[in-house]
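The data block below is coords-v5.cif; it holds mmCIF, C-alpha atoms (C1' of nucleotides).
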data_query
loop_
_atom_site.label_atom_id
_atom_site.label_comp_id
_atom_site.auth_asym_id
_atom_site.auth_seq_id
_atom_site.Cartn_x
_atom_site.Cartn_y
_atom_site.Cartn_z
CA MET A 243 7.44 -3.44 49.80
CA SER A 244 10.58 -2.47 47.86
CA GLY A 245 8.93 0.03 45.55
CA LEU A 246 6.56 0.59 42.70
CA ARG A 247 7.00 -0.96 39.32
CA SER A 248 7.14 1.25 36.28
CA GLY A 249 3.64 0.36 35.14
CA GLN A 250 2.21 1.27 38.50
CA VAL A 251 3.97 4.62 38.59
CA ALA A 252 2.94 5.39 35.04
CA ALA A 253 -0.68 4.54 35.74
CA ALA A 254 -0.71 6.56 38.96
CA ALA A 255 0.67 9.62 37.22
CA GLY A 256 -1.32 9.14 34.06
CA VAL A 257 1.59 8.85 31.67
CA ASN A 258 2.78 6.24 29.22
CA PRO A 259 5.25 3.76 30.74
CA GLN A 260 7.72 4.56 27.97
CA THR A 261 7.70 8.13 29.14
CA LEU A 262 9.35 7.11 32.39
CA ARG A 263 12.37 5.77 30.56
CA TYR A 264 12.38 8.81 28.35
CA TYR A 265 12.43 11.14 31.34
CA GLU A 266 15.16 9.08 32.91
CA ARG A 267 17.27 9.52 29.78
CA ARG A 268 16.50 13.23 29.79
CA GLY A 269 17.64 13.55 33.38
CA LEU A 270 14.24 14.39 34.84
CA LEU A 271 13.94 11.24 36.84
CA ALA A 272 16.78 9.78 38.86
CA GLU A 273 17.73 6.22 38.04
CA PRO A 274 15.73 4.11 40.47
CA ASP A 275 16.84 0.99 42.27
CA ARG A 276 16.43 -2.29 40.50
CA SER A 277 15.13 -5.66 41.44
CA LEU A 278 17.50 -8.60 41.24
CA GLY A 279 16.26 -9.25 37.75
CA GLY A 280 16.84 -5.68 36.64
CA HIS A 281 13.33 -4.26 36.87
CA ARG A 282 13.02 -0.66 38.02
CA LEU A 283 11.59 -0.10 41.49
CA TYR A 284 10.44 3.43 42.12
CA PRO A 285 9.87 5.22 45.40
CA ALA A 286 6.38 6.62 45.89
CA GLU A 287 7.61 10.20 45.53
CA THR A 288 8.23 9.55 41.86
CA VAL A 289 4.53 9.97 41.22
CA THR A 290 4.70 13.43 42.75
CA VAL A 291 7.74 14.28 40.66
CA LEU A 292 5.84 13.28 37.54
CA ARG A 293 2.96 15.49 38.50
CA VAL A 294 5.36 18.34 39.10
CA ILE A 295 6.85 17.81 35.67
CA LYS A 296 3.45 17.82 34.02
CA ALA A 297 2.41 20.96 35.90
CA ALA A 298 5.58 22.77 34.90
CA GLN A 299 5.17 21.72 31.29
CA ARG A 300 1.65 23.02 31.38
CA LEU A 301 3.07 26.37 32.45
CA GLY A 302 5.17 26.47 29.33
CA PHE A 303 8.50 25.17 30.59
CA THR A 304 10.41 22.88 28.28
CA LEU A 305 11.71 19.57 29.58
CA ASP A 306 15.20 21.02 29.77
CA GLU A 307 13.91 23.85 31.88
CA VAL A 308 11.95 21.48 34.06
CA ALA A 309 15.10 19.43 34.54
CA GLU A 310 16.91 22.55 35.72
CA LEU A 311 14.09 23.45 38.07
CA LEU A 312 14.13 19.99 39.59
CA ASP A 313 17.88 20.16 39.82
CA ALA A 314 17.72 23.52 41.55
CA SER A 315 15.18 22.05 43.91
CA GLN A 316 17.62 19.39 45.03
CA HIS A 317 20.58 21.50 46.05
CA ARG A 318 18.87 24.60 47.27
CA HIS A 319 21.72 24.90 49.75
CA GLY A 320 24.32 26.23 47.36
CA ARG A 321 21.62 28.49 46.01
CA HIS A 322 22.38 29.88 42.62
CA PRO A 323 20.53 33.13 42.24
CA ASP A 324 18.86 32.58 38.87
CA ALA A 325 17.97 28.95 39.22
CA GLY A 326 14.93 29.34 41.44
CA LEU A 327 11.38 28.98 40.32
CA ARG A 328 10.53 32.59 41.09
CA VAL A 329 13.01 34.09 38.67
CA ARG A 330 12.27 31.53 36.01
CA ALA A 331 8.55 31.95 36.37
CA GLN A 332 8.95 35.66 35.88
CA ALA A 333 10.96 35.10 32.71
CA LYS A 334 8.46 32.55 31.46
CA LEU A 335 5.65 34.97 32.19
CA ALA A 336 7.31 37.55 29.98
CA GLU A 337 7.63 34.92 27.24
CA VAL A 338 3.99 33.96 27.53
CA GLU A 339 2.88 37.57 27.49
CA ALA A 340 4.93 38.18 24.35
CA LYS A 341 3.33 35.19 22.73
CA ILE A 342 -0.12 36.43 23.66
CA ALA A 343 0.66 39.82 22.16
CA ASP A 344 1.84 38.15 18.97
CA LEU A 345 -1.29 36.04 18.75
CA GLN A 346 -3.39 39.10 19.34
CA VAL A 347 -1.86 40.76 16.31
CA ILE A 348 -2.65 37.63 14.33
CA ALA A 349 -6.21 37.54 15.62
CA ASP A 350 -6.66 41.20 14.69
CA THR A 351 -5.39 40.52 11.20
CA LEU A 352 -7.69 37.54 10.78
CA ARG A 353 -10.63 39.59 12.00
CA ALA A 354 -9.77 42.34 9.55
CA ALA A 355 -9.48 39.86 6.69
CA VAL A 356 -12.84 38.34 7.51
CA LYS A 357 -14.41 41.76 7.81
CA ALA A 358 -12.89 42.88 4.52
CA GLY A 359 -14.46 39.86 2.88
CA CYS A 360 -11.20 38.43 1.60
CA ASP A 361 -11.91 35.04 0.09
CA ASP A 362 -8.88 34.33 -2.07
CA LEU A 363 -5.32 34.56 -0.87
CA VAL A 364 -3.67 34.87 -4.24
CA GLU A 365 -6.08 37.52 -5.44
CA CYS A 366 -5.70 39.44 -2.21
CA ALA A 367 -1.97 39.52 -2.66
CA GLY A 368 -2.46 41.75 -5.68
CA GLN A 369 -4.77 44.18 -3.97
CA PRO A 370 -3.45 46.87 -1.65
CA CYS A 371 -6.69 47.04 0.31
CA CYS A 372 -6.34 43.55 1.76
CA PRO A 373 -5.35 43.70 5.42
CA ILE A 374 -3.15 40.63 5.19
CA PRO A 375 0.49 41.66 5.34
CA PHE A 376 2.13 40.28 2.23
CA ALA A 377 5.27 42.21 3.11
CA THR A 378 6.14 43.65 -0.25
CA ILE A 379 3.23 43.49 -2.60
CA ALA A 380 3.01 42.52 -6.19
CA PRO A 381 1.80 44.86 -8.99
CA GLY A 382 -1.28 46.80 -7.92
CA GLY A 383 -4.89 46.13 -8.70
CA THR A 384 -8.41 47.39 -9.06
CA CYS A 385 -9.72 47.31 -5.58
CA SER A 386 -13.22 47.93 -4.37
CA SER A 387 -14.70 45.81 -1.64
CA GLY A 388 -16.12 42.52 -2.84
CA SER A 389 -14.42 39.47 -4.17
CA PRO A 390 -14.60 39.64 -7.94
CA ALA A 391 -14.38 36.13 -9.29
CA MET B 25 14.28 35.29 -20.63
CA SER B 26 12.68 31.87 -20.04
CA GLY B 27 12.28 32.20 -16.31
CA LEU B 28 13.95 32.61 -12.99
CA ARG B 29 16.31 30.08 -11.55
CA SER B 30 15.62 28.64 -8.14
CA GLY B 31 18.30 30.69 -6.44
CA GLN B 32 16.88 33.90 -7.84
CA VAL B 33 13.37 33.08 -6.72
CA ALA B 34 14.57 32.06 -3.29
CA ALA B 35 16.57 35.26 -2.88
CA ALA B 36 13.68 37.41 -4.09
CA ALA B 37 11.27 35.82 -1.64
CA GLY B 38 13.77 35.60 1.19
CA VAL B 39 13.67 31.85 1.62
CA ASN B 40 16.23 29.08 1.48
CA PRO B 41 16.59 27.53 -1.98
CA GLN B 42 15.95 24.11 -0.48
CA THR B 43 12.59 25.35 0.67
CA LEU B 44 11.43 25.65 -2.92
CA ARG B 45 11.95 21.96 -3.54
CA TYR B 46 10.33 21.20 -0.21
CA TYR B 47 7.24 23.23 -1.12
CA GLU B 48 7.12 21.54 -4.49
CA ARG B 49 7.09 18.15 -2.79
CA ARG B 50 4.38 19.35 -0.42
CA GLY B 51 2.25 20.51 -3.31
CA LEU B 52 2.44 24.23 -2.55
CA LEU B 53 4.36 25.11 -5.67
CA ALA B 54 3.53 23.69 -9.09
CA GLU B 55 6.33 21.88 -10.84
CA PRO B 56 7.97 24.51 -12.99
CA ASP B 57 9.34 24.14 -16.50
CA ARG B 58 12.87 22.92 -16.84
CA SER B 59 15.84 23.97 -18.90
CA LEU B 60 17.26 21.45 -21.33
CA GLY B 61 19.65 20.37 -18.65
CA GLY B 62 16.91 19.84 -16.10
CA HIS B 63 17.21 23.05 -14.07
CA ARG B 64 13.95 24.54 -12.79
CA LEU B 65 12.80 27.76 -14.46
CA TYR B 66 10.18 29.62 -12.48
CA PRO B 67 7.69 32.23 -13.67
CA ALA B 68 7.86 35.57 -11.88
CA GLU B 69 4.55 34.94 -10.10
CA THR B 70 6.23 32.27 -8.02
CA VAL B 71 7.74 34.99 -5.88
CA THR B 72 4.25 36.27 -5.11
CA VAL B 73 3.06 32.78 -4.31
CA LEU B 74 5.91 32.39 -1.86
CA ARG B 75 4.96 35.63 -0.17
CA VAL B 76 1.38 34.46 0.03
CA ILE B 77 2.53 31.24 1.64
CA LYS B 78 4.62 33.09 4.19
CA ALA B 79 1.78 35.49 4.99
CA ALA B 80 -0.67 32.63 5.50
CA GLN B 81 1.80 30.79 7.69
CA ARG B 82 2.21 33.90 9.75
CA LEU B 83 -1.56 33.87 10.30
CA GLY B 84 -1.27 30.42 11.79
CA PHE B 85 -2.16 28.21 8.84
CA THR B 86 -0.20 25.00 8.49
CA LEU B 87 1.40 24.17 5.16
CA ASP B 88 -1.35 21.65 4.46
CA GLU B 89 -3.93 24.35 5.04
CA VAL B 90 -2.02 26.79 2.87
CA ALA B 91 -1.90 24.17 0.13
CA GLU B 92 -5.67 23.85 0.31
CA LEU B 93 -6.12 27.59 0.23
CA LEU B 94 -3.91 27.87 -2.82
CA ASP B 95 -5.75 24.99 -4.37
CA ALA B 96 -9.12 26.61 -3.70
CA SER B 97 -7.75 29.76 -5.24
CA GLN B 98 -7.12 27.97 -8.50
CA HIS B 99 -10.51 26.47 -9.20
CA ARG B 100 -12.79 29.03 -7.66
CA HIS B 101 -15.27 28.15 -10.37
CA GLY B 102 -16.43 24.86 -8.93
CA ARG B 103 -16.61 26.63 -5.61
CA HIS B 104 -16.67 24.33 -2.65
CA PRO B 105 -18.40 26.14 0.16
CA ASP B 106 -15.87 25.57 2.93
CA ALA B 107 -12.70 25.91 0.97
CA GLY B 108 -12.59 29.70 0.76
CA LEU B 109 -10.34 31.91 2.78
CA ARG B 110 -13.21 33.59 4.58
CA VAL B 111 -14.56 30.46 6.20
CA ARG B 112 -11.11 29.16 6.98
CA ALA B 113 -10.00 32.47 8.43
CA GLN B 114 -12.98 32.43 10.72
CA ALA B 115 -12.14 28.95 11.91
CA LYS B 116 -8.52 29.89 12.37
CA LEU B 117 -9.55 32.95 14.31
CA ALA B 118 -11.49 30.76 16.72
CA GLU B 119 -8.41 28.56 17.10
CA VAL B 120 -6.18 31.53 17.80
CA GLU B 121 -8.63 32.98 20.29
CA ALA B 122 -8.77 29.65 22.10
CA LYS B 123 -5.01 29.57 22.25
CA ILE B 124 -4.91 33.09 23.60
CA ALA B 125 -7.40 32.17 26.30
CA ASP B 126 -5.30 29.14 27.22
CA LEU B 127 -2.16 31.23 27.44
CA GLN B 128 -3.97 33.75 29.54
CA VAL B 129 -4.79 31.08 32.09
CA ILE B 130 -1.14 30.11 32.09
CA ALA B 131 -0.02 33.71 32.50
CA ASP B 132 -2.43 34.14 35.41
CA THR B 133 -1.06 31.04 37.06
CA LEU B 134 2.52 32.20 36.61
CA ARG B 135 1.64 35.60 38.04
CA ALA B 136 -0.01 33.94 41.02
CA ALA B 137 3.00 31.71 41.59
CA VAL B 138 5.36 34.67 41.48
CA LYS B 139 3.12 36.63 43.81
CA ALA B 140 2.86 33.72 46.22
CA GLY B 141 6.63 33.61 46.36
CA CYS B 142 6.91 30.01 45.18
CA ASP B 143 10.55 29.22 44.65
CA ASP B 144 10.69 25.45 44.62
CA LEU B 145 8.51 23.26 42.49
CA VAL B 146 8.87 20.08 44.46
CA GLU B 147 8.24 21.78 47.77
CA CYS B 148 5.23 23.59 46.34
CA ALA B 149 3.73 20.33 45.24
CA GLY B 150 3.33 19.34 48.87
CA GLN B 151 1.65 22.54 49.93
CA PRO B 152 -2.00 23.19 49.15
CA CYS B 153 -1.49 26.94 49.18
CA CYS B 154 0.60 26.97 46.02
CA PRO B 155 -1.38 28.25 43.05
CA ILE B 156 0.26 25.86 40.61
CA PRO B 157 -2.20 23.14 39.64
CA PHE B 158 -0.56 19.85 40.48
CA ALA B 159 -3.85 18.15 39.67
CA THR B 160 -4.04 15.70 42.53
CA ILE B 161 -1.69 16.55 45.27
CA ALA B 162 0.61 14.40 47.28
CA PRO B 163 0.53 13.95 51.08
CA GLY B 164 -0.32 17.15 52.88
CA GLY B 165 1.82 19.93 54.24
CA THR B 166 2.04 22.68 56.74
CA CYS B 167 0.02 25.34 55.10
CA SER B 168 -2.63 27.81 56.12
CA SER B 169 -5.38 28.48 53.63
CA GLY B 170 -5.79 26.54 50.48
CA SER B 171 -7.65 26.45 47.21
CA PRO B 172 -6.86 23.06 45.71
CA ALA B 173 -8.36 22.85 42.22
"C1'" DT C 5 37.43 25.74 -23.23
"C1'" DT C 6 38.04 26.29 -18.83
"C1'" DG C 7 36.48 27.34 -14.40
"C1'" DC C 8 33.36 28.27 -10.94
"C1'" DA C 9 28.85 29.14 -9.19
"C1'" DT C 10 24.74 27.06 -9.23
"C1'" DC C 11 21.57 23.35 -9.45
"C1'" DC C 12 20.19 18.37 -9.55
"C1'" DG C 13 18.24 14.18 -6.88
"C1'" DG C 14 18.34 11.60 -2.80
"C1'" DT C 15 19.06 11.00 1.76
"C1'" DA C 16 19.68 12.23 6.46
"C1'" DC C 17 19.43 15.36 10.15
"C1'" DT C 18 17.39 19.15 13.22
"C1'" DC C 19 14.01 20.42 17.36
"C1'" DA C 20 10.42 18.72 21.11
"C1'" DG C 21 8.21 15.44 23.22
"C1'" DG C 22 7.19 11.58 23.13
"C1'" DT C 23 5.33 6.64 21.13
"C1'" DA C 24 5.87 2.03 19.08
"C1'" DC C 25 7.91 -2.24 18.04
"C1'" DA C 26 10.95 -6.44 18.31
"C1'" DG C 27 12.94 -10.04 20.74
"C1'" DG C 28 14.05 -11.70 25.06
"C1'" DC C 29 13.93 -11.95 30.30
"C1'" DT C 30 11.47 -11.57 35.04
"C1'" DT C 31 7.72 -11.73 38.18
"C1'" DA C 32 3.59 -13.11 40.05
"C1'" DC C 33 0.00 -16.10 40.68
"C1'" DC C 34 -2.12 -20.65 40.70
"C1'" DG D 201 6.44 -25.55 37.68
"C1'" DG D 202 3.81 -23.54 34.23
"C1'" DT D 203 2.00 -19.58 32.07
"C1'" DA D 204 0.75 -14.95 31.21
"C1'" DA D 205 1.50 -10.35 32.15
"C1'" DG D 206 4.76 -7.18 32.69
"C1'" DC D 207 9.29 -5.30 32.05
"C1'" DC D 208 14.04 -5.02 29.84
"C1'" DT D 209 17.18 -2.77 26.03
"C1'" DG D 210 17.71 -0.85 21.67
"C1'" DT D 211 16.08 1.14 17.81
"C1'" DA D 212 12.85 3.27 14.77
"C1'" DC D 213 8.99 6.20 13.95
"C1'" DC D 214 5.70 10.33 14.55
"C1'" DT D 215 4.36 15.58 13.66
"C1'" DG D 216 5.84 20.22 11.27
"C1'" DA D 217 8.73 22.86 8.84
"C1'" DG D 218 12.38 22.97 7.07
"C1'" DT D 219 17.95 22.51 6.56
"C1'" DA D 220 22.28 20.13 5.42
"C1'" DC D 221 25.20 17.21 2.91
"C1'" DC D 222 26.75 14.37 -1.04
"C1'" DG D 223 28.46 13.32 -5.57
"C1'" DG D 224 27.58 14.60 -9.96
"C1'" DA D 225 25.64 17.52 -13.79
"C1'" DT D 226 24.66 22.36 -15.81
"C1'" DG D 227 24.91 27.24 -16.97
"C1'" DC D 228 27.29 31.09 -18.02
"C1'" DA D 229 31.01 34.21 -18.72
"C1'" DA D 230 35.64 35.20 -20.01
#
Encoded form (structure tokens):
Amino acid sequence: MSGLRSGQVAAAAGVNPQTLRYYERRGLLAEPDRSLGGHRLYPAETVTVLRVIKAAQRLGFTLDEVAELLDASQHRHGRHPDAGLRVRAQAKLAEVEAKIADLQVIADTLRAAVKAGCDDLVECAGQPCCPIPFATIAPGGTCSSGSPA
Amino acid sequence: MSGLRSGQVAAAAGVNPQTLRYYERRGLLAEPDRSLGGHRLYPAETVTVLRVIKAAQRLGFTLDEVAELLDASQHRHGRHPDAGLRVRAQAKLAEVEAKIADLQVIADTLRAAVKAGCDDLVECAGQPCCPIPFATIAPGGTCSSGSPA
DNA sequence: TTGCATCCGGTACTCAGGTACAGGCTTACC
DNA sequence: GGTAAGCCTGTACCTGAGTACCGGATGCAA
């Protein structure tokens, strides 16, 4: 009995054993009991906690945010209003949606550049017809459609 | 005459002066001429190059990729087939679209979690009804319907 | 010629999330 | 009790894109 060793926990959760120590330092995992010789002995729930961490990371939460979520999970009694998953998930959703919108603009620009036949960044920078936003553009050029070598 | 000093170029392009040296090390900017005392003297085009770099970065290209694009731009004569902007922009577009799709899955999951009223990660991990994918789930819970992935 | 802003090279640090290595101790099994 | 696998701490390294700091040299204008 007495608990799982770090290698066992790591294997069960599919993470590197070093990651356990790293998470402990970061405050995501509580310090476990030790054997007489100083080896960590984890309770079985630790595997679940690791899976929770990985799931939350996958949703876009940073480790600091995950730490706060786990923390909030522990003393739900003195419930702070903004610490819960619901509120944070809503905020994260807004972040993710903003990121998607940003990437969509980028994708549109790339599509436009491909369609316009741009094949040389530096040359494009001199031509006002190129859809790539060079912010403020250098002295104008003779633009048509192709890519004059 | 004789060229722009690093601070002038940096100010004109809106970047940190240190960034110029960094880009030089990374091979994005050619080594400029020097004054007798060893100070860099840039041609005016450098400002355009910096804007090109920033525009390409904005489109999702890494600095290594930007370096290759700039490189390809210089010897377009011995044209390597896959070095041009067009091909690379298409590849980058696919990357960006994949990332958008991934984020959309994440956004959907977050929306589902909010809708399901999840407010505690650890608790959710024990309940099969939570839409958050905990991969393989820990010992069961008191839940009604479930869709474990 | 003096004074100050700027620039030089080199090094080290930042953020995020880990991963790797070195040198020594513990545990488990036979 | 021997041996090998596993674990311990501490420290250094990785990617990516810069930024900061240091002591010293330069450039330019009055």
Give chain A as an mmCIF file with C-alpha atoms, in the frame of the given file once it has been least-squares superposed onto chain B over every C-alpha atom, paired in order.
data_model
loop_
_atom_site.group_PDB
_atom_site.id
_atom_site.type_symbol
_atom_site.label_atom_id
_atom_site.label_comp_id
_atom_site.auth_asym_id
_atom_site.auth_seq_id
_atom_site.Cartn_x
_atom_site.Cartn_y
_atom_site.Cartn_z
ATOM 1 C CA MET A 243 14.629 35.520 -20.388
ATOM 2 C CA SER A 244 13.219 32.029 -19.761
ATOM 3 C CA GLY A 245 12.673 32.423 -16.039
ATOM 4 C CA LEU A 246 14.239 32.790 -12.653
ATOM 5 C CA ARG A 247 16.580 30.265 -11.181
ATOM 6 C CA SER A 248 15.794 28.755 -7.828
ATOM 7 C CA GLY A 249 18.413 30.787 -5.997
ATOM 8 C CA GLN A 250 17.026 34.000 -7.381
ATOM 9 C CA VAL A 251 13.471 33.148 -6.398
ATOM 10 C CA ALA A 252 14.558 32.068 -2.947
ATOM 11 C CA ALA A 253 16.522 35.255 -2.397
ATOM 12 C CA ALA A 254 13.678 37.430 -3.673
ATOM 13 C CA ALA A 255 11.192 35.794 -1.341
ATOM 14 C CA GLY A 256 13.577 35.518 1.559
ATOM 15 C CA VAL A 257 13.476 31.761 1.940
ATOM 16 C CA ASN A 258 16.045 29.001 1.849
ATOM 17 C CA PRO A 259 16.520 27.497 -1.626
ATOM 18 C CA GLN A 260 15.835 24.046 -0.200
ATOM 19 C CA THR A 261 12.446 25.280 0.853
ATOM 20 C CA LEU A 262 11.418 25.651 -2.771
ATOM 21 C CA ARG A 263 11.939 21.965 -3.407
ATOM 22 C CA TYR A 264 10.214 21.161 -0.166
ATOM 23 C CA TYR A 265 7.162 23.188 -1.141
ATOM 24 C CA GLU A 266 7.161 21.568 -4.538
ATOM 25 C CA ARG A 267 7.058 18.146 -2.888
ATOM 26 C CA ARG A 268 4.290 19.343 -0.594
ATOM 27 C CA GLY A 269 2.235 20.525 -3.539
ATOM 28 C CA LEU A 270 2.424 24.229 -2.738
ATOM 29 C CA LEU A 271 4.438 25.130 -5.762
ATOM 30 C CA ALA A 272 3.728 23.771 -9.215
ATOM 31 C CA GLU A 273 6.592 21.989 -10.910
ATOM 32 C CA PRO A 274 8.295 24.666 -12.982
ATOM 33 C CA ASP A 275 9.768 24.320 -16.434
ATOM 34 C CA ARG A 276 13.315 23.135 -16.711
ATOM 35 C CA SER A 277 16.317 24.202 -18.654
ATOM 36 C CA LEU A 278 17.846 21.725 -21.069
ATOM 37 C CA GLY A 279 20.180 20.630 -18.331
ATOM 38 C CA GLY A 280 17.374 20.077 -15.855
ATOM 39 C CA HIS A 281 17.575 23.256 -13.795
ATOM 40 C CA ARG A 282 14.290 24.716 -12.590
ATOM 41 C CA LEU A 283 13.154 27.938 -14.241
ATOM 42 C CA TYR A 284 10.468 29.768 -12.339
ATOM 43 C CA PRO A 285 8.018 32.378 -13.555
ATOM 44 C CA ALA A 286 8.133 35.686 -11.705
ATOM 45 C CA GLU A 287 4.773 35.039 -10.047
ATOM 46 C CA THR A 288 6.395 32.342 -7.957
ATOM 47 C CA VAL A 289 7.826 35.023 -5.712
ATOM 48 C CA THR A 290 4.318 36.292 -5.061
ATOM 49 C CA VAL A 291 3.104 32.778 -4.347
ATOM 50 C CA LEU A 292 5.870 32.372 -1.792
ATOM 51 C CA ARG A 293 4.884 35.582 -0.111
ATOM 52 C CA VAL A 294 1.292 34.429 -0.038
ATOM 53 C CA ILE A 295 2.363 31.186 1.575
ATOM 54 C CA LYS A 296 4.379 32.985 4.218
ATOM 55 C CA ALA A 297 1.514 35.380 4.947
ATOM 56 C CA ALA A 298 -0.950 32.532 5.318
ATOM 57 C CA GLN A 299 1.414 30.638 7.582
ATOM 58 C CA ARG A 300 1.770 33.726 9.685
ATOM 59 C CA LEU A 301 -2.001 33.708 10.091
ATOM 60 C CA GLY A 302 -1.821 30.248 11.556
ATOM 61 C CA PHE A 303 -2.592 28.084 8.541
ATOM 62 C CA THR A 304 -0.641 24.872 8.216
ATOM 63 C CA LEU A 305 1.094 24.058 4.950
ATOM 64 C CA ASP A 306 -1.640 21.577 4.121
ATOM 65 C CA GLU A 307 -4.226 24.258 4.621
ATOM 66 C CA VAL A 308 -2.232 26.719 2.577
ATOM 67 C CA ALA A 309 -2.018 24.140 -0.190
ATOM 68 C CA GLU A 310 -5.801 23.835 -0.152
ATOM 69 C CA LEU A 311 -6.230 27.590 -0.216
ATOM 70 C CA LEU A 312 -3.924 27.894 -3.195
ATOM 71 C CA ASP A 313 -5.717 25.029 -4.845
ATOM 72 C CA ALA A 314 -9.077 26.664 -4.257
ATOM 73 C CA SER A 315 -7.655 29.834 -5.710
ATOM 74 C CA GLN A 316 -6.871 28.099 -8.975
ATOM 75 C CA HIS A 317 -10.236 26.620 -9.840
ATOM 76 C CA ARG A 318 -12.546 29.173 -8.365
ATOM 77 C CA HIS A 319 -14.892 28.339 -11.222
ATOM 78 C CA GLY A 320 -16.212 25.082 -9.847
ATOM 79 C CA ARG A 321 -16.470 26.834 -6.518
ATOM 80 C CA HIS A 322 -16.705 24.497 -3.605
ATOM 81 C CA PRO A 323 -18.496 26.271 -0.816
ATOM 82 C CA ASP A 324 -16.110 25.606 2.066
ATOM 83 C CA ALA A 325 -12.846 25.965 0.246
ATOM 84 C CA GLY A 326 -12.712 29.745 0.098
ATOM 85 C CA LEU A 327 -10.520 31.910 2.217
ATOM 86 C CA ARG A 328 -13.449 33.591 3.933
ATOM 87 C CA VAL A 329 -14.848 30.439 5.471
ATOM 88 C CA ARG A 330 -11.438 29.121 6.370
ATOM 89 C CA ALA A 331 -10.364 32.390 7.889
ATOM 90 C CA GLN A 332 -13.438 32.358 10.061
ATOM 91 C CA ALA A 333 -12.654 28.840 11.248
ATOM 92 C CA LYS A 334 -9.031 29.748 11.854
ATOM 93 C CA LEU A 335 -10.137 32.803 13.787
ATOM 94 C CA ALA A 336 -12.169 30.598 16.091
ATOM 95 C CA GLU A 337 -9.114 28.370 16.567
ATOM 96 C CA VAL A 338 -6.900 31.322 17.368
ATOM 97 C CA GLU A 339 -9.425 32.749 19.788
ATOM 98 C CA ALA A 340 -9.641 29.395 21.561
ATOM 99 C CA LYS A 341 -5.894 29.299 21.827
ATOM 100 C CA ILE A 342 -5.824 32.802 23.252
ATOM 101 C CA ALA A 343 -8.421 31.837 25.835
ATOM 102 C CA ASP A 344 -6.359 28.806 26.793
ATOM 103 C CA LEU A 345 -3.216 30.879 27.141
ATOM 104 C CA GLN A 346 -5.099 33.379 29.220
ATOM 105 C CA VAL A 347 -6.012 30.669 31.690
ATOM 106 C CA ILE A 348 -2.355 29.693 31.807
ATOM 107 C CA ALA A 349 -1.264 33.286 32.304
ATOM 108 C CA ASP A 350 -3.781 33.679 35.128
ATOM 109 C CA THR A 351 -2.470 30.556 36.797
ATOM 110 C CA LEU A 352 1.123 31.712 36.480
ATOM 111 C CA ARG A 353 0.200 35.094 37.910
ATOM 112 C CA ALA A 354 -1.551 33.423 40.816
ATOM 113 C CA ALA A 355 1.436 31.174 41.473
ATOM 114 C CA VAL A 356 3.804 34.117 41.468
ATOM 115 C CA LYS A 357 1.506 36.079 43.730
ATOM 116 C CA ALA A 358 1.141 33.146 46.107
ATOM 117 C CA GLY A 359 4.909 33.010 46.360
ATOM 118 C CA CYS A 360 5.204 29.431 45.171
ATOM 119 C CA ASP A 361 8.872 28.618 44.770
ATOM 120 C CA ASP A 362 8.986 24.832 44.707
ATOM 121 C CA LEU A 363 6.868 22.684 42.456
ATOM 122 C CA VAL A 364 7.153 19.476 44.405
ATOM 123 C CA GLU A 365 6.394 21.140 47.711
ATOM 124 C CA CYS A 366 3.458 22.975 46.202
ATOM 125 C CA ALA A 367 1.997 19.724 45.012
ATOM 126 C CA GLY A 368 1.451 18.735 48.625
ATOM 127 C CA GLN A 369 -0.230 21.948 49.634
ATOM 128 C CA PRO A 370 -3.867 22.624 48.811
ATOM 129 C CA CYS A 371 -3.371 26.382 48.820
ATOM 130 C CA CYS A 372 -1.144 26.392 45.746
ATOM 131 C CA PRO A 373 -3.020 27.709 42.722
ATOM 132 C CA ILE A 374 -1.302 25.333 40.331
ATOM 133 C CA PRO A 375 -3.734 22.643 39.245
ATOM 134 C CA PHE A 376 -2.135 19.331 40.106
ATOM 135 C CA ALA A 377 -5.374 17.600 39.172
ATOM 136 C CA THR A 378 -5.707 15.200 42.044
ATOM 137 C CA ILE A 379 -3.500 16.177 44.905
ATOM 138 C CA ALA A 380 -1.289 14.153 47.117
ATOM 139 C CA PRO A 381 -1.707 13.888 50.930
ATOM 140 C CA GLY A 382 -2.424 17.280 52.470
ATOM 141 C CA GLY A 383 -0.074 19.641 54.199
ATOM 142 C CA THR A 384 0.480 22.466 56.611
ATOM 143 C CA CYS A 385 -0.177 25.499 54.561
ATOM 144 C CA SER A 386 0.327 29.107 55.470
ATOM 145 C CA SER A 387 1.711 31.534 52.955
ATOM 146 C CA GLY A 388 5.480 31.487 52.677
ATOM 147 C CA SER A 389 7.793 28.888 51.314
ATOM 148 C CA PRO A 390 9.104 26.904 54.250
ATOM 149 C CA ALA A 391 12.425 25.415 53.278
#
Checklist entry - From the set B:Gln81, B:Gln32, B:Thr72, B:Asn40, which residue has the shortest atom-to-atom contact distance to chain A, counting all atoms listed in the file? => result B:Thr72
Item to check | Test item: the PyMOL selection byres ((chain B) within 8 of (chain A)) resolved as an NGL selection string | outcome: :B and (72-73 or 75-76 or 78-79 or 82-84 or 93-94 or 96-97 or 100 or 108-110 or 113-114 or 116-117 or 120-121 or 124 or 127-128 or 130-131 or 133-135 or 137-138 or 141-147 or 149 or 156-159 or 161-162)
Item to check | Selected residue, from A:Thr304, A:Ser277, A:Ser244, A:Thr288, that lies nearest to chain D when counting all atoms listed in the file | outcome: A:Ser277
Checklist entry - If you apply the PyMOL selection byres ((chain A) within 9 of (chain D)) to this file, what residues do you get, as a PyMOL selection string? => result chain A and resi 247-249+280-282
For C-alpha atoms, I'd like the residues from the last selection saved as a JSON list (two decimals), in the frame of the given file.
[["chain", "number", "residue", "atom", "x", "y", "z"],
["A", 247, "ARG", "CA", 7.00, -0.96, 39.32],
["A", 248, "SER", "CA", 7.14, 1.25, 36.28],
["A", 249, "GLY", "CA", 3.64, 0.36, 35.14],
["A", 280, "GLY", "CA", 16.84, -5.68, 36.64],
["A", 281, "HIS", "CA", 13.33, -4.26, 36.87],
["A", 282, "ARG", "CA", 13.02, -0.66, 38.02]]
